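Here's upload-v3.pdb, which has PDB, C-alpha atoms and all ligand atoms:
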ATOM      1  CA  MET A   1     111.362  75.776  65.751  1.00  0.00           C
ATOM      2  CA  PRO A   2     113.470  78.793  66.600  1.00  0.00           C
ATOM      3  CA  LEU A   3     115.427  78.885  69.805  1.00  0.00           C
ATOM      4  CA  TYR A   4     115.752  82.246  71.467  1.00  0.00           C
ATOM      5  CA  GLU A   5     117.717  83.497  74.404  1.00  0.00           C
ATOM      6  CA  TYR A   6     116.013  85.750  76.850  1.00  0.00           C
ATOM      7  CA  ARG A   7     117.746  87.781  79.522  1.00  0.00           C
ATOM      8  CA  CYS A   8     116.041  88.912  82.662  1.00  0.00           C
ATOM      9  CA  LYS A   9     116.324  92.663  83.070  1.00  0.00           C
ATOM     10  CA  LYS A  10     116.037  92.305  86.804  1.00  0.00           C
ATOM     11  CA  CYS A  11     118.616  89.681  87.707  1.00  0.00           C
ATOM     12  CA  GLY A  12     120.407  89.120  84.423  1.00  0.00           C
ATOM     13  CA  HIS A  13     119.565  85.442  84.254  1.00  0.00           C
ATOM     14  CA  VAL A  14     119.666  84.143  80.689  1.00  0.00           C
ATOM     15  CA  THR A  15     117.423  81.326  79.582  1.00  0.00           C
ATOM     16  CA  GLU A  16     116.878  79.643  76.288  1.00  0.00           C
ATOM     17  CA  VAL A  17     113.316  79.430  75.072  1.00  0.00           C
ATOM     18  CA  LEU A  18     111.870  77.385  72.294  1.00  0.00           C
ATOM     19  CA  GLU A  19     109.376  79.840  70.973  1.00  0.00           C
ATOM     20  CA  LYS A  20     106.272  78.433  69.405  1.00  0.00           C
ATOM     21  CA  PRO A  21     104.764  80.343  66.505  1.00  0.00           C
ATOM     22  CA  ASP A  22     101.647  80.974  68.535  1.00  0.00           C
ATOM     23  CA  ALA A  23     103.447  81.985  71.696  1.00  0.00           C
ATOM     24  CA  SER A  24     102.535  85.288  73.234  1.00  0.00           C
ATOM     25  CA  GLY A  25     106.160  86.272  73.424  1.00  0.00           C
ATOM     26  CA  ARG A  26     106.082  86.853  77.152  1.00  0.00           C
ATOM     27  CA  HIS A  27     108.328  84.847  79.383  1.00  0.00           C
ATOM     28  CA  THR A  28     108.966  84.678  83.060  1.00  0.00           C
ATOM     29  CA  CYS A  29     112.393  84.491  84.630  1.00  0.00           C
ATOM     30  CA  GLU A  30     112.751  81.073  86.176  1.00  0.00           C
ATOM     31  CA  LYS A  31     115.156  82.465  88.730  1.00  0.00           C
ATOM     32  CA  CYS A  32     113.483  85.542  90.149  1.00  0.00           C
ATOM     33  CA  GLY A  33     110.034  85.394  88.582  1.00  0.00           C
ATOM     34  CA  SER A  34     110.332  88.751  86.857  1.00  0.00           C
ATOM     35  CA  ARG A  35     108.442  89.097  83.613  1.00  0.00           C
ATOM     36  CA  ARG A  36     110.769  91.739  82.290  1.00  0.00           C
ATOM     37  CA  MET A  37     112.603  89.538  79.848  1.00  0.00           C
ATOM     38  CA  GLU A  38     114.308  90.887  76.797  1.00  0.00           C
ATOM     39  CA  LYS A  39     115.049  88.819  73.759  1.00  0.00           C
ATOM     40  CA  LEU A  40     118.687  88.492  72.877  1.00  0.00           C
ATOM     41  CA  MET A  41     119.633  88.516  69.257  1.00  0.00           C
ATOM     42  CA  SER A  42     121.207  85.288  68.165  1.00  0.00           C
ATOM     43  CA  THR A  43     124.692  85.611  66.780  1.00  0.00           C
ATOM     44  CA  PHE A  44     123.640  84.163  63.461  1.00  0.00           C
ATOM     45  CA  GLY A  45     120.914  85.278  61.120  1.00  0.00           C
ATOM     46  CA  VAL A  46     120.917  88.804  62.446  1.00  0.00           C
ATOM     47  CA  GLY A  47     121.663  91.565  59.995  1.00  0.00           C
ATOM     48  CA  ALA A  48     123.484  89.428  57.479  1.00  0.00           C
ATOM     49  CA  GLY A  49     126.393  91.374  56.101  1.00  0.00           C
ATOM     50  CA  VAL A  50     126.727  93.657  59.087  1.00  0.00           C
ATOM     51  CA  ARG A  51     130.317  94.014  60.132  1.00  0.00           C
ATOM     52  CA  PRO A  52     131.716  94.995  63.495  1.00  0.00           C
ATOM     53  CA  SER A  53     132.168  98.733  63.767  1.00  0.00           C
ATOM     54  CA  GLY A  54     135.578  99.847  62.712  1.00  0.00           C
ATOM     55  CA  ALA A  55     135.952  97.338  59.910  1.00  0.00           C
ATOM     56  CA  SER A  56     137.025  99.206  56.813  1.00  0.00           C
ATOM     57  CA  CYS A  57     136.463  96.416  54.372  1.00  0.00           C
ATOM     58  CA  PRO A  58     132.835  95.699  53.561  1.00  0.00           C
ATOM     59  CA  THR A  59     133.461  92.136  52.501  1.00  0.00           C
ATOM     60  CA  GLY A  60     136.354  91.158  54.736  1.00  0.00           C
ATOM     61  CA  THR A  61     138.386  90.079  51.742  1.00  0.00           C
ATOM     62  CA  CYS A  62     139.897  93.388  50.639  1.00  0.00           C
ATOM     63  CA  PRO A  63     143.667  92.993  50.275  1.00  0.00           C
ATOM     64  CA  LEU A  64     144.450  96.533  51.399  1.00  0.00           C
ATOM     65  CA  SER A  65     142.281  96.674  54.478  1.00  0.00           C
TER
HETATM   66 ZN    ZN B 101     115.367  87.187  86.902  1.00  0.00          ZN
END
Just dump the structure as structure tokens.
Amino acid sequence: MPLYEYRCKKCGHVTEVLEKPDASGRHTCEKCGSRRMEKLMSTFGVGAGVRPSGASCPTGTCPLS
């Protein structure tokens, strides 16, 4: 079951949510009660192959980079 991080747009509180496949996708901030939560992208599994901007080598293994 995927674990997502949600950040409250109102107070900035970040909470981890185990999201069920049938979940509505709406979450409430446990700190301030705001429903304006945005899903944070996990650091893994997002855009595989995407490099930080500024990297000149596409693979990270180029000897002349
Ligand atoms: Zn909040």
Problem set entry | Nearest-residue call for ligand ZN 101 (chain B), choices A:Leu3, A:Val17, A:Met37, A:Cys29, using only C-alpha atoms and all ligand atoms | A:Cys29
Problem set entry | Protein and nucleic residues near ligand ZN 101 (chain B), 10 Å, all atoms listed in the file, as a ChimeraX atom specification | /A:7-15,28-37
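The residue that comes closest to Tyr4 in chain A, out of A:His27, A:Lys39, A:Asp22, A:Pro63 and on the basis of only C-alpha atoms, is A:Lys39.
If you count all atoms listed in the file and ignore residues fewer than 2 places along the chain from Leu18 in chain A, what sits within 9 Å of it is Met1, Pro2, Leu3, Tyr4, Glu5, Glu16 and Lys20 of chain A.
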